[in-house]
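Please read the structure below before turning to the comments.
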Amino acid sequence: MAEQDFPLIFELSQESRTGFSLPDLDVPEMDAEDMIGSSFVRNKAADLPEVSELQIMRHYTALSKRNHGVDSGFYPLGSCTMKYNPKMNEDVARLTGFSHIHPYQAPETVQGALHLLYDLQQSLVSITGMDTVTLQPAAGAHGEWTGLMMIRAYHEANGDYGRTKVIVPDSAHGTNPASATVAGFEAVTVKSDERGLVDLEDLRRVVDEQTAALMLTNPNTLGLFEEDIEEMAAVVHEAGGKLYYDGANLNAILGYARPGDMGFDVVHLNLHKTFTGPHGGGGPGSGPVGVTAELEPYLPKPILTKVDNQYQFDYDRPKSIGRVKPYYGNFGINVRAYTYIRTMGPEGLKKVSEYAVINANYMMRRLQEQYELPFDRHCKHEFILSGKRQKKLGVRTLDIAKRLLDFGYHPPTIYFPINVEEALMIEPTETESKETLDAFVEAMIQISNEAKDNPEIVQEAPHSTIVSRMDETQAARKPVLSYKKGEN
Amino acid sequence: MEFRYLPMTEQDKKDMLSRIGVQKSEELFSDIPENIRFKGNLDLKEPKNEFQLMNELTKMAQENVTLKSHTSFLGAGVYDHYIPSIVDHVISRSEFYTAYTPYQPEISQGELQAIFEFQTMICELTGMDVANSSMYDGGTALAEAVNLSAGQTKRKKVLVSKAIHPESLAVIHSYVKGPGVEVVEIDHKHGKTDLVQLESELDDNTASVVLQYPNFFGQIEPLDEVRKIVDTQKKAMMITSSNPLALGYLTPPGEFGADIVTGDAQVFGIPAQYGGPHCGYFATTKKLMRKVPGRLVGQTVDEEGRRGFVLTLQAREQHIRRDKATSNICSNQALNALASSVAMSSLGKQGLRKMSWMNIQKAAYMKKQLQLNNIEVVFDGAFFNELVVKLNHDIREVNRILLQKGIIGGYDLSQMDNSLQNHMLVAVTEIRTKEEIDQFVKEVGDIHG
């Protein structure tokens, strides 16, 4: 540690200082070393920090100030739906009756919790237009894998072992092909056309008797609605494949369209996105999966049922893909999502999508003079700009992102989707005011002017953050992944 | 109805639609084909105001028996421990919980450093070189380890002890279907993994051997002997799942030569919350550093030479490797990893060892009292904070009676193994008092007869 460095908690440690208050040992002490056996007793205590409670609080308070969240400022990170995280949700999740219950308590002792889960399932059924929903998957990618395993089990149950391919658009989230691979499929890419939508011709070319499924986000990652969806569904279904819906972008269509009505067979949702999770600095999330009745037998075990007004789990599921996670999903996140849905109701959720879409289109139109707009049509909840023009001036999209930090904004998602050069993917969400959007637009316009008149100020950004750009090459070449006394 | 999360006024809407160049917002949805446009109302309950909804949900929560309203001896992978008040105060700092994955290091140093510290603490506890930023939970972390071992050794068989958590075992069975790995289950004998069977099943197609330490019954598996057996097959790995609290007192798996150590940090600062979210961890050797699933934070410097942290070794990660991925995990449990870091910092070097030691003491007292009351404690090996008793009655029935006495009884082991009818797995943590333990023994004794 050098003088200019912010200390690690280990560097605050002083021998024999304490920050804990454990219960007393009120039973007769026994010789633990003798009971355990000396070769199974640690000969050296784990070197954790020795700090007082105030030191801990100051340390983490200081760290929190070195971090930007939605509560700190605008966070238009495309594809991530960084909307406001209601405080009430946090309070509900912390109610003792929800936070301090054990997954192996007898179902009759946790009827309140099961009632909530059951209601949430039913709500998600209605929102997605699917026949049934499981709340077990821990996150979106986990839901993707769960859904694909169900599709796999479905084909295998039909004796259809030759369906080895999952088709994924070139604009897809990176998790889609990764999930397909991990589920034992080969990922095949289908191209986008000049509209930014899946190229129907190319889809017809890649779909065949080996097709297990097509994975699709709709609206897609360019923020555009796949308007040929019915025809795409027909192409895939006629070939015997299934349609998988990546629900990462559901925030655009609540109450306007439902994956079930579009012809999708399996859907996953990201409750930490559309349903105000929160994001937690990277998680935990929750990734429920909805399916049609045809795929219902393959749901992961157990499923939650209601019999004679009692909620219980059904483990007798012979065709199930098995367990995907211990216990019953990320309950704490599901409680937050449920609270949100109950706060908004049907009318509120529809307004969510309406306003999210208005906000995105408004920003897109205000920015299209300064930045290249690769797909000039109504967008849904997010839109893509390209930094091509600025690149010609020597200013990269990365520089634009870094310059936005000087204005107090979290930058948009950059260099994604990969089929757009120098992409900037902007998702304002419905919880931002027009004033915030206008201020951000002004900043983007200023940066575009700077790229022409004073490119250095953009290229050398950020100028106002607590640290400047990091040497990522060094981090990867000589990885230092933990603290070792005297070495960091 | 007013919607407090939606700031758009009628005037805003008018101005914005006009700037976009449309009359009505419906026009923005005109790309959704008529056929599939949803025209009804979503079948959801009508919205409630904050006060009323809070009342309703509070009542719903109050319908549940909780670990606070009753005295619990239930563990089996999820434990009720002392949680310092400071934990919730730190994780309630909304700069942490309203942020996402720290893609922009200049404005995410707080999160990145907190994760770096978490990684360090996990390395310290497990005795391993490298730990990642966290996984969904202990069960899926273990399953990821299994798949990693198969990918790394290019072998297609794993030997998994039946004395691991039954739901982790079930998750492993699901996870291996993709890569097509065969799981050979190794029986338990006297509460521990049958090493004779383990040795006989180990061959040159074995990618790894998987055990839990301490195991599902609370027993401490002899990792030294296991390592010797594993070493007879070059390349085969030893993978353990470990309650990290136990590692405050027990010799860490790293010292026995484990290749991958996984587990769940729920024991540090995370309430049971009906089984999730918890906080899986994943630790391994330097050799496997570049194969670790999930995200890793590394130290580096900025342009002025100041120490800083970034997400690193991203080339391994799913969003770049796409169709060459060996894992698809994208998020982590950052907020829960933060909770665990705060709890571990509070406990510190002395407190963590002491808390671990107290679990051993209280569970040992429980065993002694049970035996004094002629209740059979079935396994006699060294154990951490869980033990197995054999009663004369069905455990569900026993637990029903205990509940009336204000006690949440232990885990019914017949759920995992048919041969364990009338066997209960009892957990005793540091927060159980002598009085509560004595009462449990008395009540169980009364039922046992």
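Residue numbering restarts at 1 in every chain; chains get A, B, ... in the order shown in the structure tokens, and ligands count up from 1 in that same order.
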(request) Pull the helix (DSSP H, G or I) assignments for range 155-312 of chain B out of DSSP run on the backbone, and list those residues as a PyMOL selection string. (result) chain B and resi 166-175+195-201+223-230+246-248+253-256+265-267+273-275+286-291
Print the selection's residues with N, CA and C atoms to a file, as a tab-separated table (two decimals), in the first residue's frame.
```tsv
chain	number	residue	atom	x	y	z
B	166	PRO	N	-28.11	-33.55	0.29
B	166	PRO	CA	-28.88	-34.26	-0.75
B	166	PRO	C	-29.33	-33.34	-1.90
B	167	GLU	N	-29.57	-32.09	-1.59
B	167	GLU	CA	-30.01	-31.20	-2.67
B	167	GLU	C	-28.83	-30.75	-3.53
B	168	SER	N	-27.64	-30.70	-2.96
B	168	SER	CA	-26.46	-30.45	-3.79
B	168	SER	C	-26.23	-31.64	-4.72
B	169	LEU	N	-26.43	-32.82	-4.19
B	169	LEU	CA	-26.28	-34.03	-5.01
B	169	LEU	C	-27.29	-34.00	-6.16
B	170	ALA	N	-28.52	-33.61	-5.85
B	170	ALA	CA	-29.54	-33.53	-6.88
B	170	ALA	C	-29.17	-32.49	-7.95
B	171	VAL	N	-28.63	-31.36	-7.51
B	171	VAL	CA	-28.24	-30.31	-8.46
B	171	VAL	C	-27.08	-30.81	-9.34
B	172	ILE	N	-26.16	-31.53	-8.74
B	172	ILE	CA	-25.06	-32.10	-9.55
B	172	ILE	C	-25.63	-32.99	-10.66
B	173	HIS	N	-26.58	-33.84	-10.28
B	173	HIS	CA	-27.19	-34.72	-11.29
B	173	HIS	C	-27.79	-33.92	-12.45
B	174	SER	N	-28.38	-32.77	-12.13
B	174	SER	CA	-28.96	-31.94	-13.20
B	174	SER	C	-27.87	-31.27	-14.03
B	175	TYR	N	-26.85	-30.75	-13.36
B	175	TYR	CA	-25.82	-29.98	-14.05
B	175	TYR	C	-24.95	-30.83	-14.98
B	195	LEU	N	-14.76	-45.10	2.25
B	195	LEU	CA	-13.51	-44.91	1.50
B	195	LEU	C	-13.09	-46.17	0.74
B	196	VAL	N	-13.55	-47.32	1.20
B	196	VAL	CA	-13.24	-48.55	0.49
B	196	VAL	C	-13.93	-48.55	-0.88
B	197	GLN	N	-15.20	-48.18	-0.86
B	197	GLN	CA	-15.93	-48.08	-2.13
B	197	GLN	C	-15.33	-46.97	-3.01
B	198	LEU	N	-14.97	-45.88	-2.36
B	198	LEU	CA	-14.39	-44.76	-3.10
B	198	LEU	C	-13.14	-45.22	-3.86
B	199	GLU	N	-12.30	-45.94	-3.14
B	199	GLU	CA	-11.04	-46.40	-3.73
B	199	GLU	C	-11.31	-47.38	-4.88
B	200	SER	N	-12.32	-48.22	-4.70
B	200	SER	CA	-12.56	-49.23	-5.74
B	200	SER	C	-13.18	-48.61	-7.00
B	201	GLU	N	-13.88	-47.51	-6.82
B	201	GLU	CA	-14.50	-46.87	-7.99
B	201	GLU	C	-13.55	-45.92	-8.73
B	223	LEU	N	-10.05	-35.98	5.26
B	223	LEU	CA	-9.57	-35.50	3.95
B	223	LEU	C	-8.14	-35.95	3.68
B	224	ASP	N	-7.36	-36.17	4.74
B	224	ASP	CA	-5.98	-36.65	4.52
B	224	ASP	C	-5.99	-38.01	3.84
B	225	GLU	N	-6.84	-38.90	4.33
B	225	GLU	CA	-6.93	-40.24	3.71
B	225	GLU	C	-7.52	-40.16	2.30
B	226	VAL	N	-8.50	-39.29	2.14
B	226	VAL	CA	-9.14	-39.14	0.83
B	226	VAL	C	-8.10	-38.68	-0.19
B	227	ARG	N	-7.29	-37.70	0.23
B	227	ARG	CA	-6.26	-37.19	-0.70
B	227	ARG	C	-5.31	-38.29	-1.14
B	228	LYS	N	-4.94	-39.13	-0.18
B	228	LYS	CA	-4.02	-40.23	-0.53
B	228	LYS	C	-4.64	-41.15	-1.58
B	229	ILE	N	-5.93	-41.41	-1.41
B	229	ILE	CA	-6.61	-42.26	-2.39
B	229	ILE	C	-6.66	-41.57	-3.76
B	230	VAL	N	-7.05	-40.30	-3.74
B	230	VAL	CA	-7.17	-39.56	-5.00
B	230	VAL	C	-5.81	-39.51	-5.71
B	246	ALA	N	-17.22	-23.64	9.91
B	246	ALA	CA	-16.47	-24.77	10.45
B	246	ALA	C	-14.98	-24.57	10.24
B	247	LEU	N	-14.64	-23.92	9.13
B	247	LEU	CA	-13.22	-23.73	8.79
B	247	LEU	C	-12.55	-22.68	9.68
B	248	GLY	N	-13.34	-22.04	10.52
B	248	GLY	CA	-12.73	-21.16	11.51
B	248	GLY	C	-11.95	-21.94	12.55
B	253	PRO	N	-9.53	-27.27	3.94
B	253	PRO	CA	-9.33	-28.29	2.89
B	253	PRO	C	-8.08	-28.01	2.06
B	254	GLY	N	-7.74	-26.74	1.90
B	254	GLY	CA	-6.53	-26.40	1.14
B	254	GLY	C	-5.29	-27.08	1.71
B	255	GLU	N	-5.24	-27.20	3.01
B	255	GLU	CA	-4.06	-27.83	3.63
B	255	GLU	C	-4.03	-29.33	3.40
B	256	PHE	N	-5.18	-29.89	3.06
B	256	PHE	CA	-5.21	-31.32	2.71
B	256	PHE	C	-5.06	-31.53	1.21
B	265	ALA	N	-21.70	-19.08	2.12
B	265	ALA	CA	-21.34	-18.13	3.18
B	265	ALA	C	-22.58	-17.61	3.91
B	266	GLN	N	-23.71	-18.29	3.75
B	266	GLN	CA	-24.94	-17.88	4.46
B	266	GLN	C	-24.70	-17.75	5.96
B	267	VAL	N	-23.82	-18.61	6.49
B	267	VAL	CA	-23.52	-18.60	7.93
B	267	VAL	C	-22.96	-17.26	8.40
B	273	GLN	N	-33.92	-16.68	5.21
B	273	GLN	CA	-34.91	-16.23	4.22
B	273	GLN	C	-35.43	-17.33	3.29
B	274	TYR	N	-35.90	-18.36	3.92
B	274	TYR	CA	-36.54	-19.47	3.24
B	274	TYR	C	-35.67	-20.09	2.13
B	275	GLY	N	-34.37	-20.04	2.34
B	275	GLY	CA	-33.49	-20.78	1.44
B	275	GLY	C	-32.83	-19.96	0.36
B	286	LYS	N	-4.00	-21.88	-7.83
B	286	LYS	CA	-3.47	-20.98	-8.85
B	286	LYS	C	-3.54	-21.63	-10.23
B	287	LYS	N	-3.31	-22.92	-10.23
B	287	LYS	CA	-3.29	-23.66	-11.49
B	287	LYS	C	-4.62	-23.55	-12.25
B	288	LEU	N	-5.71	-23.53	-11.50
B	288	LEU	CA	-7.04	-23.49	-12.13
B	288	LEU	C	-7.61	-22.08	-12.21
B	289	MET	N	-6.79	-21.10	-11.89
B	289	MET	CA	-7.25	-19.71	-11.80
B	289	MET	C	-8.02	-19.24	-13.04
B	290	ARG	N	-7.52	-19.61	-14.20
B	290	ARG	CA	-8.14	-19.12	-15.43
B	290	ARG	C	-9.36	-19.93	-15.86
B	291	LYS	N	-9.72	-20.93	-15.06
B	291	LYS	CA	-10.90	-21.75	-15.38
B	291	LYS	C	-12.08	-21.45	-14.47
```
Excluding range 2-15 of chain A and residues on its chain fewer than 5 positions from it, collect all residues at most 12 Å away from it, counting only C-alpha atoms, and give them as a short mmCIF file (atom, residue, chain, number, x, y, z; two decimals) with N, CA and C atoms, in the first residue's frame.
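Done, and the output landed in around-v2.cif:
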```cif
data_model
loop_
_atom_site.label_atom_id
_atom_site.label_comp_id
_atom_site.auth_asym_id
_atom_site.auth_seq_id
_atom_site.Cartn_x
_atom_site.Cartn_y
_atom_site.Cartn_z
N ASP A 47 -6.52 -15.41 8.79
CA ASP A 47 -6.04 -14.06 9.05
C ASP A 47 -7.08 -13.01 8.62
N LEU A 48 -8.12 -12.92 9.39
CA LEU A 48 -9.16 -11.92 9.10
C LEU A 48 -8.81 -10.63 9.82
N PRO A 49 -9.38 -9.52 9.37
CA PRO A 49 -9.03 -8.24 9.99
C PRO A 49 -9.47 -8.16 11.45
N GLU A 50 -8.70 -7.44 12.25
CA GLU A 50 -9.08 -7.21 13.64
C GLU A 50 -9.35 -5.71 13.78
N VAL A 51 -10.64 -5.38 13.74
CA VAL A 51 -11.05 -3.98 13.67
C VAL A 51 -12.26 -3.76 14.56
N SER A 52 -12.46 -2.51 14.98
CA SER A 52 -13.61 -2.19 15.83
C SER A 52 -14.84 -1.95 14.96
N GLU A 53 -15.98 -1.89 15.61
CA GLU A 53 -17.22 -1.72 14.84
C GLU A 53 -17.23 -0.39 14.08
N LEU A 54 -16.79 0.68 14.71
CA LEU A 54 -16.78 1.97 14.01
C LEU A 54 -15.82 1.93 12.82
N GLN A 55 -14.68 1.29 13.00
CA GLN A 55 -13.74 1.20 11.87
C GLN A 55 -14.40 0.48 10.68
N ILE A 56 -15.15 -0.56 10.99
CA ILE A 56 -15.83 -1.30 9.91
C ILE A 56 -16.84 -0.40 9.22
N MET A 57 -17.62 0.29 10.04
CA MET A 57 -18.67 1.15 9.48
C MET A 57 -18.06 2.25 8.62
N ARG A 58 -16.98 2.86 9.11
CA ARG A 58 -16.36 3.93 8.33
C ARG A 58 -15.75 3.37 7.04
N HIS A 59 -15.16 2.22 7.16
CA HIS A 59 -14.54 1.61 5.98
C HIS A 59 -15.57 1.39 4.88
N TYR A 60 -16.68 0.75 5.24
CA TYR A 60 -17.67 0.44 4.21
C TYR A 60 -18.46 1.68 3.78
N ALA A 62 -17.10 4.58 3.48
CA ALA A 62 -16.18 5.18 2.51
C ALA A 62 -16.23 4.41 1.19
N LEU A 63 -16.28 3.10 1.27
CA LEU A 63 -16.38 2.32 0.02
C LEU A 63 -17.67 2.65 -0.71
N ARG A 66 -17.45 5.46 -2.85
CA ARG A 66 -16.65 5.22 -4.05
C ARG A 66 -17.43 4.35 -5.04
N ILE A 466 -12.50 9.58 -8.65
CA ILE A 466 -11.49 9.37 -7.61
C ILE A 466 -10.27 8.58 -8.09
N VAL A 467 -10.48 7.82 -9.15
CA VAL A 467 -9.34 7.17 -9.81
C VAL A 467 -9.50 7.39 -11.32
N SER A 482 -6.05 -11.47 -4.41
CA SER A 482 -6.33 -11.39 -2.97
C SER A 482 -5.19 -10.62 -2.29
N TYR A 483 -5.47 -10.25 -1.03
CA TYR A 483 -4.50 -9.49 -0.26
C TYR A 483 -3.54 -10.43 0.46
N LYS A 484 -2.27 -10.11 0.35
CA LYS A 484 -1.28 -10.84 1.15
C LYS A 484 -0.42 -9.80 1.85
N LYS A 485 -0.36 -9.94 3.15
CA LYS A 485 0.31 -8.93 3.98
C LYS A 485 1.63 -8.45 3.37
N GLY A 486 1.74 -7.14 3.21
CA GLY A 486 2.99 -6.56 2.74
C GLY A 486 3.23 -6.64 1.24
N GLU A 487 2.31 -7.29 0.51
CA GLU A 487 2.55 -7.45 -0.93
C GLU A 487 1.68 -6.57 -1.82
N ASN A 488 0.60 -6.04 -1.24
CA ASN A 488 -0.32 -5.30 -2.13
C ASN A 488 -0.01 -3.81 -2.12
N GLN B 109 -15.23 1.60 -7.53
CA GLN B 109 -14.14 1.10 -6.69
C GLN B 109 -14.65 0.52 -5.38
N GLY B 110 -15.74 1.07 -4.87
CA GLY B 110 -16.28 0.58 -3.60
C GLY B 110 -16.67 -0.89 -3.69
N LEU B 112 -15.89 -3.04 -6.09
CA LEU B 112 -14.76 -3.87 -6.51
C LEU B 112 -13.86 -4.20 -5.32
N GLN B 113 -13.58 -3.18 -4.52
CA GLN B 113 -12.70 -3.44 -3.38
C GLN B 113 -13.38 -4.36 -2.36
N ALA B 114 -14.69 -4.14 -2.14
CA ALA B 114 -15.41 -5.01 -1.20
C ALA B 114 -15.33 -6.47 -1.66
N ILE B 115 -15.46 -6.69 -2.96
CA ILE B 115 -15.39 -8.07 -3.47
C ILE B 115 -13.96 -8.62 -3.35
N PHE B 116 -13.00 -7.77 -3.62
CA PHE B 116 -11.59 -8.19 -3.48
C PHE B 116 -11.33 -8.64 -2.04
N GLU B 117 -11.89 -7.90 -1.10
CA GLU B 117 -11.72 -8.27 0.31
C GLU B 117 -12.44 -9.58 0.62
N PHE B 118 -13.64 -9.76 0.03
CA PHE B 118 -14.37 -11.02 0.19
C PHE B 118 -13.53 -12.19 -0.34
N THR B 120 -10.41 -12.42 -0.58
CA THR B 120 -9.28 -12.66 0.32
C THR B 120 -9.72 -13.47 1.55
N MET B 121 -10.87 -13.08 2.11
CA MET B 121 -11.35 -13.76 3.31
C MET B 121 -11.65 -15.24 3.01
N GLU B 124 -8.45 -17.11 2.82
CA GLU B 124 -7.93 -17.34 4.17
C GLU B 124 -8.62 -18.52 4.84
N GLN B 299 -6.40 -6.75 -8.60
CA GLN B 299 -5.79 -5.48 -8.25
C GLN B 299 -4.96 -4.97 -9.43
N THR B 300 -4.97 -3.65 -9.62
CA THR B 300 -4.10 -3.04 -10.62
C THR B 300 -3.83 -1.59 -10.20
N VAL B 301 -3.39 -0.77 -11.15
CA VAL B 301 -3.16 0.64 -10.85
C VAL B 301 -3.83 1.50 -11.92
N ASP B 302 -4.11 2.76 -11.56
CA ASP B 302 -4.66 3.65 -12.57
C ASP B 302 -3.52 4.42 -13.23
N GLU B 304 -2.32 7.22 -12.74
CA GLU B 304 -1.42 7.93 -11.81
C GLU B 304 -0.70 6.97 -10.87
N GLY B 305 -0.89 5.68 -11.08
CA GLY B 305 -0.21 4.70 -10.25
C GLY B 305 -0.91 4.39 -8.95
N ARG B 306 -2.14 4.87 -8.80
CA ARG B 306 -2.89 4.56 -7.58
C ARG B 306 -3.46 3.16 -7.65
N ARG B 307 -3.46 2.49 -6.50
CA ARG B 307 -4.03 1.15 -6.46
C ARG B 307 -5.52 1.20 -6.78
N GLY B 308 -5.96 0.22 -7.53
CA GLY B 308 -7.38 0.14 -7.85
C GLY B 308 -7.73 -1.29 -8.22
N PHE B 309 -9.02 -1.51 -8.45
CA PHE B 309 -9.50 -2.87 -8.69
C PHE B 309 -10.38 -2.90 -9.93
N SER B 341 -18.86 -10.40 4.10
CA SER B 341 -17.59 -9.72 4.39
C SER B 341 -17.69 -8.89 5.65
N VAL B 342 -18.81 -8.20 5.80
CA VAL B 342 -18.98 -7.36 6.99
C VAL B 342 -19.04 -8.25 8.24
N MET B 344 -17.75 -11.21 8.59
CA MET B 344 -16.40 -11.79 8.82
C MET B 344 -15.46 -10.73 9.39
N SER B 345 -15.62 -9.47 8.93
CA SER B 345 -14.78 -8.40 9.47
C SER B 345 -15.11 -8.15 10.94
N SER B 346 -16.40 -8.22 11.25
CA SER B 346 -16.81 -8.02 12.65
C SER B 346 -16.23 -9.12 13.53
N GLY B 348 -13.74 -11.11 12.83
CA GLY B 348 -12.30 -10.98 12.80
C GLY B 348 -11.58 -12.28 13.12
N LYS B 349 -10.29 -12.17 13.19
CA LYS B 349 -9.43 -13.33 13.40
C LYS B 349 -9.81 -14.12 14.66
N GLN B 350 -10.05 -13.41 15.76
CA GLN B 350 -10.36 -14.12 17.01
C GLN B 350 -11.80 -14.58 17.06
#
```
(message) So, with only C-alpha atoms as the atoms that count, which of B:Gly449, B:Gly178, B:Gly151, B:Gly263 lies closest to Ile164 in chain B?
(response)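 Closest to Ile164 in chain B of all the choices is B:Gly263.
Once range 137-152 of chain A and its same-chain neighbours fewer than 4 positions away are set aside, Glu156, Thr175, Ser179, Ala180, Ala183, Val266, His268, Leu269, Asn270, Gly285, Ser286, Gly287, Pro288, Val289, Tyr298, Leu299, Ile321, Val324, Lys325, Gly329 and Asn330 of chain A; Tyr136, Asn328, Ile329 and Cys330 of chain B remain within 7 Å of it when counting only C-alpha atoms.
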(request) Skip range 393-403 of chain B itself and residues of its chain fewer than 3 positions away, then list as a PyMOL selection string all residues within 12 Å of it, counting only C-alpha atoms. (result) (chain A and resi 104-109) or (chain B and resi 65-67+69-74+388-390+406-415+420-426+439-449)
(message) Taking 5 positions as the minimum chain separation for residues in the same chain, which residues sit within 6 Å of range 295-298 of chain B when counting only C-alpha atoms? Answer as a PyMOL selection string.
(response) (chain A and resi 475+480-481) or (chain B and resi 116+132-133+309-312)
(message) So, with only C-alpha atoms as the atoms that count, which of A:Arg204, A:His378, A:Lys350, A:Arg389 lies closest to Phe225 in chain A?
(response)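 Closest to Phe225 in chain A, using only C-alpha atoms: A:His378.
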(request) Check the smallest atom-to-atom distance from each of B:Asn147, B:Thr98, B:Asn41, B:Ser92 to Ser327 in chain B using only C-alpha atoms, then report the winner. (result) B:Asn147
(message) Need to verify the contact set: Met135 in chain B, 6 Å, only C-alpha atoms, exclusion of same-chain residues closer than 6 positions in sequence. Can you return it as a PyMOL selection string?
(response) chain B and resi 141+280-281+332
Generate a file of the selected residues that holds N, CA and C atoms, formatted as a compact mmCIF listing (two decimals), in the first residue's frame.
```txt
# COMPACT_ATOMS: atom_id res chain seq x y z
N ALA B 141 -22.61 -24.01 -6.77
CA ALA B 141 -21.16 -23.82 -6.81
C ALA B 141 -20.46 -25.18 -6.90
N GLY B 280 -23.03 -18.53 -2.50
CA GLY B 280 -22.06 -19.57 -2.80
C GLY B 280 -20.67 -18.98 -2.92
N TYR B 281 -19.67 -19.78 -2.55
CA TYR B 281 -18.30 -19.35 -2.81
C TYR B 281 -17.58 -20.43 -3.60
N ASN B 332 -23.61 -12.58 -9.87
CA ASN B 332 -23.09 -13.25 -8.69
C ASN B 332 -23.99 -12.87 -7.53
```
(message) Could you check the closest approach to Ser433 in chain A for each of A:Glu201, A:Ala360, A:Asp453, A:Gly97 and tell me which residue wins, using only C-alpha atoms?
(response) A:Ala360
Return as a Markdown table the residues of range 326-402 of chain A lying at most 8 Å from range 247-265 of chain A, together with the closest atom-to-atom pair for each and the distance in Å to one decimal, counting only C-alpha atoms, with rows in chain order and ascending residue number.
```
| residue | atom | partner | partner_atom | distance |
| --- | --- | --- | --- | --- |
| A:Pro346 | CA | A:Gly255 | CA | 7.4 |
| A:Leu349 | CA | A:Leu254 | CA | 6.1 |
| A:Lys350 | CA | A:Gly255 | CA | 4.9 |
| A:Val352 | CA | A:Asn251 | CA | 7.3 |
| A:Ser353 | CA | A:Ala252 | CA | 4.8 |
| A:Glu354 | CA | A:Ala252 | CA | 7.5 |
| A:Ala356 | CA | A:Ala252 | CA | 6.6 |
| A:Val357 | CA | A:Ala252 | CA | 6.3 |
| A:Lys380 | CA | A:Ala252 | CA | 5.7 |
| A:His381 | CA | A:Ala252 | CA | 4.9 |
```
Would you save the residues from that selection as a compact mmCIF listing (two decimals), in the first residue's frame, using C-alpha atoms?
```txt
# COMPACT_ATOMS: atom_id res chain seq x y z
CA PRO A 346 -52.31 -4.07 -13.97
CA LEU A 349 -47.42 -2.07 -15.00
CA LYS A 350 -48.81 -1.04 -18.36
CA VAL A 352 -44.33 1.29 -16.78
CA SER A 353 -43.85 0.03 -20.32
CA GLU A 354 -45.57 2.98 -21.91
CA ALA A 356 -40.16 3.37 -20.58
CA VAL A 357 -40.82 3.34 -24.33
CA LYS A 380 -39.00 0.01 -27.47
CA HIS A 381 -37.47 0.52 -23.99
```
(message) Residues within 12 Å of Gly381 in chain B, please, as number ranges by chain. Count only C-alpha atoms; anything in the same chain fewer than 4 positions from it doesn't count.
(response) A: 35-37; B: 189-193, 214-215, 217-222, 364, 367, 377, 386-388
Those same residues - C-alpha atoms - I'd like them written as a PDB file, in the first residue's frame.
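After the write, part-v5.pdb holds the following:
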```
ATOM      1  CA  MET A  35     -12.813 -34.064  20.384  1.00  0.00           C
ATOM      2  CA  ILE A  36     -11.916 -33.006  16.862  1.00  0.00           C
ATOM      3  CA  GLY A  37      -8.490 -34.610  16.691  1.00  0.00           C
TER       4      GLY A  37
ATOM      5  CA  LYS B 189     -20.912 -45.880   6.378  1.00  0.00           C
ATOM      6  CA  HIS B 190     -21.082 -44.928  10.059  1.00  0.00           C
ATOM      7  CA  GLY B 191     -21.910 -41.399   8.957  1.00  0.00           C
ATOM      8  CA  LYS B 192     -18.888 -40.942   6.710  1.00  0.00           C
ATOM      9  CA  THR B 193     -18.043 -41.590   3.101  1.00  0.00           C
ATOM     10  CA  PRO B 214     -17.926 -31.462   7.583  1.00  0.00           C
ATOM     11  CA  ASN B 215     -20.451 -33.640   5.802  1.00  0.00           C
ATOM     12  CA  PHE B 217     -24.428 -35.430   9.041  1.00  0.00           C
ATOM     13  CA  GLY B 218     -21.988 -33.018  10.670  1.00  0.00           C
ATOM     14  CA  GLN B 219     -19.180 -35.583  10.622  1.00  0.00           C
ATOM     15  CA  ILE B 220     -15.641 -34.584   9.782  1.00  0.00           C
ATOM     16  CA  GLU B 221     -14.451 -36.519   6.742  1.00  0.00           C
ATOM     17  CA  PRO B 222     -10.794 -37.665   6.825  1.00  0.00           C
ATOM     18  CA  ALA B 364     -20.927 -31.549  22.076  1.00  0.00           C
ATOM     19  CA  LYS B 367     -24.671 -34.941  22.405  1.00  0.00           C
ATOM     20  CA  VAL B 377     -26.723 -40.476  18.907  1.00  0.00           C
ATOM     21  CA  GLU B 386     -24.729 -31.165  13.782  1.00  0.00           C
ATOM     22  CA  LEU B 387     -25.482 -34.655  15.001  1.00  0.00           C
ATOM     23  CA  VAL B 388     -27.900 -37.443  14.209  1.00  0.00           C
TER      24      VAL B 388
END
```
(message) Taking only C-alpha atoms into account, name the residue in A:His102, A:Phe383, A:Pro300, A:Val190 that is nearest to Arg205 in chain A.
(response)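 Ranking A:His102, A:Phe383, A:Pro300, A:Val190 by distance to Arg205 in chain A, first place goes to A:Val190.
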